[in-house]
$ cat work.txt   # compact mmCIF, C-alpha atoms
# COMPACT_ATOMS: atom_id res chain seq x y z
CA ASP X 1 -35.68 -23.59 -24.85
CA ALA X 2 -32.20 -24.98 -25.48
CA GLY X 3 -33.21 -28.51 -24.61
CA VAL X 4 -31.03 -30.94 -22.71
CA ILE X 5 -27.37 -30.12 -23.20
CA GLN X 6 -24.63 -32.72 -23.01
CA SER X 7 -20.88 -32.37 -23.24
CA PRO X 8 -18.66 -33.45 -24.71
CA ARG X 9 -20.39 -34.81 -27.81
CA HIS X 10 -17.51 -37.15 -28.49
CA GLU X 11 -14.83 -38.49 -26.17
CA VAL X 12 -11.96 -40.77 -27.04
CA THR X 13 -9.79 -41.95 -24.19
CA GLU X 14 -7.40 -44.70 -23.29
CA MET X 15 -8.20 -47.55 -20.99
CA GLY X 16 -7.61 -46.65 -17.36
CA GLN X 17 -8.31 -42.96 -17.76
CA GLU X 18 -11.04 -41.11 -15.91
CA VAL X 19 -13.96 -39.89 -18.01
CA THR X 20 -16.54 -37.30 -16.96
CA LEU X 21 -19.72 -36.73 -18.92
CA ARG X 22 -21.83 -33.67 -18.26
CA CYS X 23 -25.51 -32.86 -18.55
CA LYS X 24 -27.58 -29.72 -18.18
CA PRO X 25 -31.30 -30.55 -17.98
CA ILE X 26 -34.09 -28.37 -19.29
CA SER X 27 -34.69 -25.47 -16.94
CA GLY X 28 -37.46 -26.23 -14.48
CA HIS X 29 -37.23 -29.99 -14.89
CA ASN X 30 -36.71 -31.83 -11.62
CA SER X 31 -36.10 -35.38 -12.82
CA LEU X 32 -32.92 -36.43 -14.61
CA PHE X 33 -32.03 -39.79 -16.14
CA TRP X 34 -28.78 -41.27 -17.48
CA TYR X 35 -29.00 -43.97 -20.17
CA ARG X 36 -26.38 -45.96 -22.05
CA GLN X 37 -26.92 -47.21 -25.62
CA THR X 38 -24.99 -50.06 -27.21
CA MET X 39 -25.73 -52.29 -30.16
CA MET X 40 -25.70 -55.38 -27.99
CA ARG X 41 -27.82 -54.20 -25.07
CA GLY X 42 -29.88 -51.36 -26.53
CA LEU X 43 -30.90 -48.54 -24.17
CA GLU X 44 -30.18 -49.20 -20.52
CA LEU X 45 -31.15 -46.97 -17.60
CA LEU X 46 -28.12 -46.32 -15.44
CA ILE X 47 -29.44 -44.00 -12.74
CA TYR X 48 -32.05 -41.34 -12.19
CA PHE X 49 -32.47 -38.38 -9.89
CA ASN X 50 -35.51 -36.60 -8.55
CA ASN X 51 -35.00 -33.13 -7.06
CA ASN X 52 -31.22 -33.73 -7.21
CA VAL X 53 -31.47 -36.90 -5.11
CA PRO X 54 -30.48 -40.27 -6.62
CA ILE X 55 -33.56 -42.49 -6.57
CA ASP X 56 -32.42 -45.66 -8.28
CA ASP X 57 -28.84 -46.52 -9.26
CA SER X 58 -29.40 -50.23 -9.71
CA GLY X 59 -28.52 -49.90 -13.38
CA MET X 60 -25.02 -48.61 -12.74
CA PRO X 61 -22.79 -51.41 -14.03
CA GLU X 62 -20.20 -51.42 -11.29
CA ASP X 63 -18.33 -49.29 -8.81
CA ARG X 64 -16.28 -47.69 -11.57
CA PHE X 65 -19.38 -45.68 -12.44
CA SER X 66 -20.62 -42.80 -10.31
CA ALA X 67 -23.10 -39.99 -10.87
CA LYS X 68 -23.81 -36.75 -9.08
CA MET X 69 -26.29 -33.95 -9.29
CA PRO X 70 -24.99 -31.08 -7.16
CA ASN X 71 -27.78 -28.73 -8.23
CA ALA X 72 -30.90 -28.61 -10.36
CA SER X 73 -29.05 -27.52 -13.49
CA PHE X 74 -26.09 -29.88 -13.64
CA SER X 75 -25.25 -33.57 -13.45
CA THR X 76 -22.13 -35.62 -14.10
CA LEU X 77 -21.51 -39.26 -14.88
CA LYS X 78 -17.98 -40.38 -14.12
CA ILE X 79 -16.17 -43.56 -15.09
CA GLN X 80 -12.94 -44.30 -13.28
CA PRO X 81 -11.05 -46.22 -14.51
CA SER X 82 -12.53 -46.56 -17.98
CA GLU X 83 -12.46 -49.83 -19.92
CA PRO X 84 -13.03 -50.63 -23.62
CA ARG X 85 -16.38 -52.26 -22.80
CA ASP X 86 -17.62 -48.88 -21.58
CA SER X 87 -17.61 -47.65 -25.18
CA ALA X 88 -21.18 -46.55 -25.92
CA VAL X 89 -23.39 -43.54 -26.41
CA TYR X 90 -24.47 -42.03 -23.11
CA PHE X 91 -27.72 -40.08 -23.03
CA CYS X 92 -29.09 -37.73 -20.44
CA ALA X 93 -32.82 -37.03 -20.27
CA SER X 94 -34.95 -34.77 -18.10
CA SER X 95 -38.62 -34.36 -17.30
CA SER X 96 -40.75 -31.87 -15.41
CA SER X 97 -41.90 -34.59 -13.05
CA ARG X 98 -41.20 -38.27 -12.57
CA GLN X 99 -44.33 -39.10 -14.54
CA GLY X 100 -43.71 -36.53 -17.24
CA SER X 101 -42.44 -37.00 -20.77
CA LYS X 102 -38.68 -37.45 -20.92
CA TYR X 103 -36.63 -35.21 -23.22
CA PHE X 104 -33.26 -36.49 -24.35
CA GLY X 105 -29.99 -34.74 -25.03
CA PRO X 106 -27.91 -35.43 -28.15
CA GLY X 107 -25.71 -37.92 -26.33
CA THR X 108 -22.00 -38.36 -25.72
CA ARG X 109 -20.26 -40.96 -27.86
CA LEU X 110 -17.53 -42.50 -25.72
CA THR X 111 -14.76 -44.60 -27.19
CA VAL X 112 -12.28 -46.26 -24.86
CA THR X 113 -9.23 -47.71 -26.59
CA GLY T 1 -40.55 -57.16 -14.33
CA ASP T 2 -41.65 -54.70 -16.94
CA SER T 3 -40.52 -55.25 -20.51
CA VAL T 4 -41.17 -54.15 -24.07
CA THR T 5 -40.85 -56.33 -27.15
CA GLN T 6 -40.59 -54.86 -30.64
CA MET T 7 -40.54 -56.49 -34.00
CA GLU T 8 -37.08 -57.16 -35.36
CA GLY T 9 -35.76 -54.91 -38.07
CA PRO T 10 -34.59 -53.63 -40.34
CA VAL T 11 -37.79 -52.74 -42.10
CA THR T 12 -37.40 -51.52 -45.67
CA LEU T 13 -40.31 -49.82 -47.41
CA SER T 14 -40.87 -47.83 -50.56
CA GLU T 15 -42.02 -44.25 -50.25
CA GLU T 16 -45.78 -43.91 -49.70
CA ALA T 17 -46.10 -47.46 -48.35
CA PHE T 18 -48.06 -48.26 -45.18
CA LEU T 19 -46.01 -48.76 -42.04
CA THR T 20 -46.68 -50.94 -39.02
CA ILE T 21 -44.13 -51.57 -36.28
CA ASN T 22 -45.38 -53.98 -33.66
CA CYS T 23 -44.85 -53.41 -29.95
CA THR T 24 -46.11 -55.49 -27.03
CA TYR T 25 -45.46 -54.96 -23.36
CA THR T 26 -45.46 -56.67 -20.00
CA ALA T 27 -46.14 -54.60 -16.92
CA THR T 28 -47.20 -55.17 -13.35
CA GLY T 29 -49.22 -51.98 -13.08
CA TYR T 30 -50.80 -49.44 -15.42
CA PRO T 31 -48.04 -48.07 -17.60
CA SER T 32 -47.85 -45.12 -19.91
CA LEU T 33 -46.64 -46.03 -23.39
CA PHE T 34 -44.38 -44.11 -25.73
CA TRP T 35 -42.81 -44.16 -29.15
CA TYR T 36 -39.46 -42.43 -29.56
CA VAL T 37 -37.60 -41.85 -32.84
CA GLN T 38 -33.84 -41.61 -33.29
CA TYR T 39 -32.47 -40.12 -36.49
CA PRO T 40 -28.88 -40.99 -37.45
CA GLY T 41 -26.36 -39.39 -35.13
CA GLU T 42 -29.00 -37.76 -32.95
CA GLY T 43 -30.67 -38.29 -29.61
CA LEU T 44 -34.12 -39.69 -29.04
CA GLN T 45 -37.17 -37.58 -29.75
CA LEU T 46 -40.58 -38.25 -28.30
CA LEU T 47 -42.88 -39.11 -31.20
CA LEU T 48 -46.14 -39.85 -29.39
CA LYS T 49 -47.54 -41.24 -26.18
CA ALA T 50 -50.65 -42.68 -24.55
CA THR T 51 -51.28 -42.77 -20.84
CA LYS T 52 -54.29 -45.07 -20.47
CA ALA T 53 -56.12 -47.87 -22.20
CA ASP T 54 -57.81 -47.02 -25.53
CA ASP T 55 -55.95 -43.71 -25.80
CA LYS T 56 -54.56 -42.96 -29.25
CA GLY T 57 -51.32 -41.02 -29.56
CA SER T 58 -50.62 -39.25 -32.82
CA ASN T 59 -48.00 -36.96 -34.30
CA LYS T 60 -46.59 -36.20 -37.77
CA GLY T 61 -48.92 -38.75 -39.38
CA PHE T 62 -47.91 -41.53 -36.97
CA GLU T 63 -50.50 -43.16 -34.71
CA ALA T 64 -50.54 -45.78 -31.98
CA THR T 65 -53.41 -47.03 -29.84
CA TYR T 66 -52.99 -48.33 -26.28
CA ARG T 67 -54.62 -51.79 -26.32
CA LYS T 68 -54.80 -53.23 -22.81
CA GLU T 69 -56.54 -56.42 -23.92
CA THR T 70 -53.67 -57.34 -26.24
CA THR T 71 -50.98 -55.43 -24.28
CA SER T 72 -49.92 -53.74 -27.50
CA PHE T 73 -49.01 -50.30 -28.79
CA HIS T 74 -48.34 -50.76 -32.50
CA LEU T 75 -47.01 -47.80 -34.48
CA GLU T 76 -48.65 -47.03 -37.83
CA LYS T 77 -48.33 -44.50 -40.62
CA GLY T 78 -50.40 -44.48 -43.75
CA SER T 79 -47.78 -43.18 -46.17
CA VAL T 80 -44.11 -43.09 -45.23
CA GLN T 81 -41.54 -40.67 -46.59
CA VAL T 82 -37.80 -41.00 -47.09
CA SER T 83 -37.36 -38.57 -44.19
CA ASP T 84 -39.02 -41.10 -41.86
CA SER T 85 -35.94 -43.34 -42.10
CA ALA T 86 -34.78 -43.73 -38.51
CA VAL T 87 -34.80 -46.11 -35.57
CA TYR T 88 -38.08 -46.31 -33.65
CA PHE T 89 -38.23 -47.28 -29.98
CA CYS T 90 -41.27 -48.38 -28.05
CA ALA T 91 -41.10 -47.69 -24.30
CA LEU T 92 -43.17 -47.82 -21.15
CA SER T 93 -43.03 -46.18 -17.76
CA GLU T 94 -44.94 -46.78 -14.58
CA GLY T 95 -44.85 -45.95 -10.94
CA ASN T 96 -43.54 -49.32 -9.81
CA SER T 97 -40.27 -48.51 -11.57
CA GLY T 98 -40.19 -44.87 -10.60
CA TYR T 99 -41.53 -43.78 -13.99
CA ALA T 100 -38.18 -44.36 -15.67
CA LEU T 101 -38.50 -45.36 -19.32
CA ASN T 102 -38.07 -49.04 -20.16
CA PHE T 103 -37.20 -49.35 -23.85
CA GLY T 104 -37.57 -52.00 -26.48
CA LYS T 105 -34.54 -52.83 -28.62
CA GLY T 106 -35.58 -50.53 -31.45
CA THR T 107 -36.68 -51.12 -35.03
CA SER T 108 -34.69 -49.64 -37.88
CA LEU T 109 -36.78 -48.27 -40.76
CA LEU T 110 -35.37 -47.48 -44.18
CA VAL T 111 -37.64 -45.79 -46.71
CA THR T 112 -36.45 -45.81 -50.30
CA PRO T 113 -37.55 -43.40 -53.05

$ encode --input "work.txt" --output "structure tokens"
Amino acid sequence: DAGVIQSPRHEVTEMGQEVTLRCKPISGHNSLFWYRQTMMRGLELLIYFNNNVPIDDSGMPEDRFSAKMPNASFSTLKIQPSEPRDSAVYFCASSSSRQGSKYFGPGTRLTVT
Amino acid sequence: GDSVTQMEGPVTLSEEAFLTINCTYTATGYPSLFWYVQYPGEGLQLLLKATKADDKGSNKGFEATYRKETTSFHLEKGSVQVSDSAVYFCALSEGNSGYALNFGKGTSLLVTP
């Protein structure tokens, strides 16, 4: 199995630009999670989906952040407009059920200048 | 709410030394407990887990026992190797929070030859 796939692996953008991060979960997994990792705050859950439906987005920092899961094999996390404080590593994880073990992608390192 | 507390790092050990990384948790229900490992520049990998009290998770020489009476899940390894140098995260999940992982802040381990 290819595991969870994320793209791009690195993104450098200027403040105010739109950023879109992409995730392909493991085939057959029906739960998908987006996390953000920073030195100051550690790993934070942003949002998670079950069967393509957003279940809890209370971790999304503000309205500039949005996430979609149009089908079982693809999800996006969008930041518009981006700000320097959004600089972090963004991880996507999937599991075969909500209770199941979560498998993480390699992450996208975002730098907003 | 649910939370996980890990010992502060960094932890520096010589090769073949005994490792303990402390982890305690607070939860309203009956959580599952996990240890994840993050090698430099990579995503998180599930190291081991335990789903109920007194369960012992083990993998690659690492062990952790789910202790409900002390609300702890300490990670141990009898003889560490240089290749074990990484950041270790304790985490919990339970139904009250939709089974999303709630992480500790991570403990950095450096093993020297």

$ closest_atom_pairs --input "work.txt" --of "chain T" --to "chain X" --cutoff "8 Å" --atoms "only C-alpha atoms" --output "CSV"
residue,atom,partner,partner_atom,distance
T:Glu42,CA,X:Pro106,CA,5.4
T:Gly43,CA,X:Pro106,CA,4.2
T:Leu44,CA,X:Phe104,CA,5.7
T:Gln45,CA,X:Phe104,CA,6.8
T:Leu46,CA,X:Tyr103,CA,7.1
T:Ser93,CA,X:Gln99,CA,7.9
T:Glu94,CA,X:Gln99,CA,7.7
T:Gly95,CA,X:Gln99,CA,7.8
T:Gly98,CA,X:Arg98,CA,7.0
T:Tyr99,CA,X:Gln99,CA,5.5
T:Ala100,CA,X:Arg98,CA,7.5
T:Leu101,CA,X:Leu45,CA,7.7
T:Asn102,CA,X:Leu45,CA,7.7
T:Phe103,CA,X:Leu43,CA,6.4
T:Gly104,CA,X:Gly42,CA,7.7
T:Lys105,CA,X:Gly42,CA,5.3
T:Gly106,CA,X:Gly42,CA,7.6

$ axis_aligned_box --input "work.txt" --around "segment 65-76 of chain T" --padding-each-side "6 Å" --output "AutoDock Vina command-line options"
--center_x -51.8 --center_y -52.2 --center_z -30.3 --size_x 21.5 --size_y 22.3 --size_z 27.0

$ closest_residue --input "work.txt" --among "T:Thr65, T:Thr107, T:Ser14, T:Thr24" --to "Gln81 of chain T" --atoms "only C-alpha atoms"
T:Ser14

$ residues_around --input "work.txt" --residues "Leu110 of chain X" --least-positions-apart "6" --cutoff "7 Å" --atoms "only C-alpha atoms" --output "ChimeraX atom specification"
/X:10-12,87-89

$ closest_residue --input "work.txt" --among "T:Gly41, T:Val82, T:Arg67, T:Pro113" --to "Ala53 of chain T" --atoms "all atoms listed in the file"
T:Arg67

$ atom_distance --input "work.txt" --atom1 "atom CA of Tyr30 of chain T" --atom2 "atom CA of Lys52 of chain T"
7.5 Å

$ closest_residue --input "work.txt" --among "T:Pro40, T:Ser85, T:Ala91, T:Ala64" --to "Pro10 of chain T" --atoms "only C-alpha atoms"
T:Ser85

$ atom_distance --input "work.txt" --atom1 "atom CA of Lys24 of chain X" --atom2 "atom CA of Asn52 of chain X"
12.2 Å

$ atom_distance --input "work.txt" --atom1 "atom CA of Pro61 of chain X" --atom2 "atom CA of Asp86 of chain X"
9.5 Å

$ residues_near_point --input "work.txt" --point "(-40.6, -41.4, -28.5)" --cutoff "8 Å" --atoms "only C-alpha atoms" --output "JSON, numbers by chain"
{"T": [34, 35, 36, 37, 44, 45, 46, 47, 48, 49, 88, 89, 90, 91]}

$ write_last_selection --input "work.txt" --atoms "C-alpha atoms" --output "short mmCIF file (atom, residue, chain, number, x, y, z; two decimals), in the coordinates of the input"
data_model
loop_
_atom_site.label_atom_id
_atom_site.label_comp_id
_atom_site.auth_asym_id
_atom_site.auth_seq_id
_atom_site.Cartn_x
_atom_site.Cartn_y
_atom_site.Cartn_z
CA PHE T 34 -44.38 -44.11 -25.73
CA TRP T 35 -42.81 -44.16 -29.15
CA TYR T 36 -39.46 -42.43 -29.56
CA VAL T 37 -37.60 -41.85 -32.84
CA LEU T 44 -34.12 -39.69 -29.04
CA GLN T 45 -37.17 -37.58 -29.75
CA LEU T 46 -40.58 -38.25 -28.30
CA LEU T 47 -42.88 -39.11 -31.20
CA LEU T 48 -46.14 -39.85 -29.39
CA LYS T 49 -47.54 -41.24 -26.18
CA TYR T 88 -38.08 -46.31 -33.65
CA PHE T 89 -38.23 -47.28 -29.98
CA CYS T 90 -41.27 -48.38 -28.05
CA ALA T 91 -41.10 -47.69 -24.30
#

$ residues_near_point --input "work.txt" --point "(-8.0, -46.8, -21.1)" --cutoff "6 Å" --atoms "only C-alpha atoms" --output "CSV table (one decimal) with C-alpha atoms, in the frame of the given file"
chain,number,residue,atom,x,y,z
X,14,GLU,CA,-7.4,-44.7,-23.3
X,15,MET,CA,-8.2,-47.6,-21.0
X,16,GLY,CA,-7.6,-46.6,-17.4
X,17,GLN,CA,-8.3,-43.0,-17.8
X,82,SER,CA,-12.5,-46.6,-18.0
X,83,GLU,CA,-12.5,-49.8,-19.9
X,112,VAL,CA,-12.3,-46.3,-24.9
X,113,THR,CA,-9.2,-47.7,-26.6

$ closest_residue --input "work.txt" --among "T:Glu15, T:Asp54, T:Asp2, T:Glu8" --to "Tyr66 of chain T" --atoms "only C-alpha atoms"
T:Asp54

$ decode --input "work.txt" --residues "segment 61-73 of chain X" --atoms "all heavy atoms" --output "mmCIF file, in the first residue's frame"
data_model
loop_
_atom_site.group_PDB
_atom_site.id
_atom_site.type_symbol
_atom_site.label_atom_id
_atom_site.label_comp_id
_atom_site.auth_asym_id
_atom_site.auth_seq_id
_atom_site.Cartn_x
_atom_site.Cartn_y
_atom_site.Cartn_z
ATOM 1 N N PRO X 61 -8.599 27.171 12.781
ATOM 2 C CA PRO X 61 -8.262 28.407 13.497
ATOM 3 C C PRO X 61 -9.220 29.559 13.227
ATOM 4 O O PRO X 61 -9.575 30.282 14.138
ATOM 5 C CB PRO X 61 -6.856 28.731 13.006
ATOM 6 C CG PRO X 61 -6.328 27.491 12.409
ATOM 7 C CD PRO X 61 -7.497 26.699 11.927
ATOM 8 N N GLU X 62 -9.597 29.744 12.010
ATOM 9 C CA GLU X 62 -10.461 30.874 11.669
ATOM 10 C C GLU X 62 -11.018 30.654 10.269
ATOM 11 O O GLU X 62 -10.721 29.649 9.627
ATOM 12 C CB GLU X 62 -9.675 32.188 11.756
ATOM 13 C CG GLU X 62 -8.306 32.131 11.128
ATOM 14 C CD GLU X 62 -7.406 33.257 11.591
ATOM 15 O OE1 GLU X 62 -7.509 34.355 11.013
ATOM 16 O OE2 GLU X 62 -6.604 33.036 12.515
ATOM 17 N N ASP X 63 -11.829 31.620 9.840
ATOM 18 C CA ASP X 63 -12.531 31.444 8.573
ATOM 19 C C ASP X 63 -11.609 31.381 7.365
ATOM 20 O O ASP X 63 -12.037 30.994 6.279
ATOM 21 C CB ASP X 63 -13.540 32.581 8.369
ATOM 22 C CG ASP X 63 -14.678 32.495 9.365
ATOM 23 O OD1 ASP X 63 -14.810 31.420 9.994
ATOM 24 O OD2 ASP X 63 -15.412 33.479 9.517
ATOM 25 N N ARG X 64 -10.371 31.757 7.539
ATOM 26 C CA ARG X 64 -9.424 31.685 6.419
ATOM 27 C C ARG X 64 -9.135 30.236 6.045
ATOM 28 O O ARG X 64 -8.650 29.959 4.951
ATOM 29 C CB ARG X 64 -8.123 32.392 6.781
ATOM 30 C CG ARG X 64 -8.277 33.881 7.054
ATOM 31 C CD ARG X 64 -6.917 34.535 7.307
ATOM 32 N NE ARG X 64 -6.246 34.006 8.490
ATOM 33 C CZ ARG X 64 -5.195 33.180 8.450
ATOM 34 N NH1 ARG X 64 -4.704 32.792 7.279
ATOM 35 N NH2 ARG X 64 -4.630 32.758 9.562
ATOM 36 N N PHE X 65 -9.420 29.332 6.952
ATOM 37 C CA PHE X 65 -9.155 27.914 6.718
ATOM 38 C C PHE X 65 -10.450 27.214 6.302
ATOM 39 O O PHE X 65 -11.496 27.423 6.913
ATOM 40 C CB PHE X 65 -8.629 27.247 7.992
ATOM 41 C CG PHE X 65 -7.219 27.582 8.337
ATOM 42 C CD1 PHE X 65 -6.857 28.847 8.753
ATOM 43 C CD2 PHE X 65 -6.228 26.599 8.256
ATOM 44 C CE1 PHE X 65 -5.535 29.148 9.071
ATOM 45 C CE2 PHE X 65 -4.912 26.894 8.585
ATOM 46 C CZ PHE X 65 -4.564 28.157 8.993
ATOM 47 N N SER X 66 -10.331 26.358 5.280
ATOM 48 C CA SER X 66 -11.472 25.542 4.886
ATOM 49 C C SER X 66 -10.957 24.192 4.403
ATOM 50 O O SER X 66 -9.846 24.090 3.905
ATOM 51 C CB SER X 66 -12.289 26.224 3.781
ATOM 52 O OG SER X 66 -11.508 26.401 2.617
ATOM 53 N N ALA X 67 -11.763 23.166 4.582
ATOM 54 C CA ALA X 67 -11.382 21.819 4.156
ATOM 55 C C ALA X 67 -12.561 21.153 3.478
ATOM 56 O O ALA X 67 -13.715 21.381 3.857
ATOM 57 C CB ALA X 67 -10.912 20.984 5.341
ATOM 58 N N LYS X 68 -12.232 20.334 2.479
ATOM 59 C CA LYS X 68 -13.262 19.601 1.755
ATOM 60 C C LYS X 68 -12.822 18.171 1.546
ATOM 61 O O LYS X 68 -11.631 17.867 1.528
ATOM 62 C CB LYS X 68 -13.517 20.257 0.387
ATOM 63 C CG LYS X 68 -14.120 21.636 0.451
ATOM 64 C CD LYS X 68 -14.385 22.168 -0.948
ATOM 65 C CE LYS X 68 -15.003 23.564 -0.904
ATOM 66 N NZ LYS X 68 -15.256 24.114 -2.255
ATOM 67 N N MET X 69 -13.800 17.321 1.363
ATOM 68 C CA MET X 69 -13.525 15.937 0.992
ATOM 69 C C MET X 69 -14.579 15.529 -0.025
ATOM 70 O O MET X 69 -15.621 14.971 0.342
ATOM 71 C CB MET X 69 -13.534 15.019 2.202
ATOM 72 C CG MET X 69 -12.970 13.655 1.914
ATOM 73 S SD MET X 69 -12.554 12.744 3.402
ATOM 74 C CE MET X 69 -11.757 11.313 2.668
ATOM 75 N N PRO X 70 -14.331 15.824 -1.287
ATOM 76 C CA PRO X 70 -15.353 15.575 -2.318
ATOM 77 C C PRO X 70 -15.617 14.099 -2.582
ATOM 78 O O PRO X 70 -16.697 13.744 -3.067
ATOM 79 C CB PRO X 70 -14.765 16.266 -3.552
ATOM 80 C CG PRO X 70 -13.305 16.336 -3.296
ATOM 81 C CD PRO X 70 -13.136 16.469 -1.816
ATOM 82 N N ASN X 71 -14.629 13.252 -2.285
ATOM 83 C CA ASN X 71 -14.831 11.811 -2.442
ATOM 84 C C ASN X 71 -13.916 11.067 -1.475
ATOM 85 O O ASN X 71 -13.106 11.696 -0.777
ATOM 86 C CB ASN X 71 -14.588 11.385 -3.894
ATOM 87 C CG ASN X 71 -13.195 11.759 -4.372
ATOM 88 O OD1 ASN X 71 -12.203 11.291 -3.837
ATOM 89 N ND2 ASN X 71 -13.143 12.604 -5.400
ATOM 90 N N ALA X 72 -14.034 9.767 -1.473
ATOM 91 C CA ALA X 72 -13.332 8.960 -0.463
ATOM 92 C C ALA X 72 -11.819 8.942 -0.656
ATOM 93 O O ALA X 72 -11.096 8.479 0.222
ATOM 94 C CB ALA X 72 -13.879 7.537 -0.481
ATOM 95 N N SER X 73 -11.326 9.418 -1.792
ATOM 96 C CA SER X 73 -9.902 9.289 -2.059
ATOM 97 C C SER X 73 -9.180 10.633 -2.156
ATOM 98 O O SER X 73 -8.035 10.696 -2.602
ATOM 99 C CB SER X 73 -9.685 8.504 -3.354
ATOM 100 O OG SER X 73 -10.323 9.142 -4.432
#
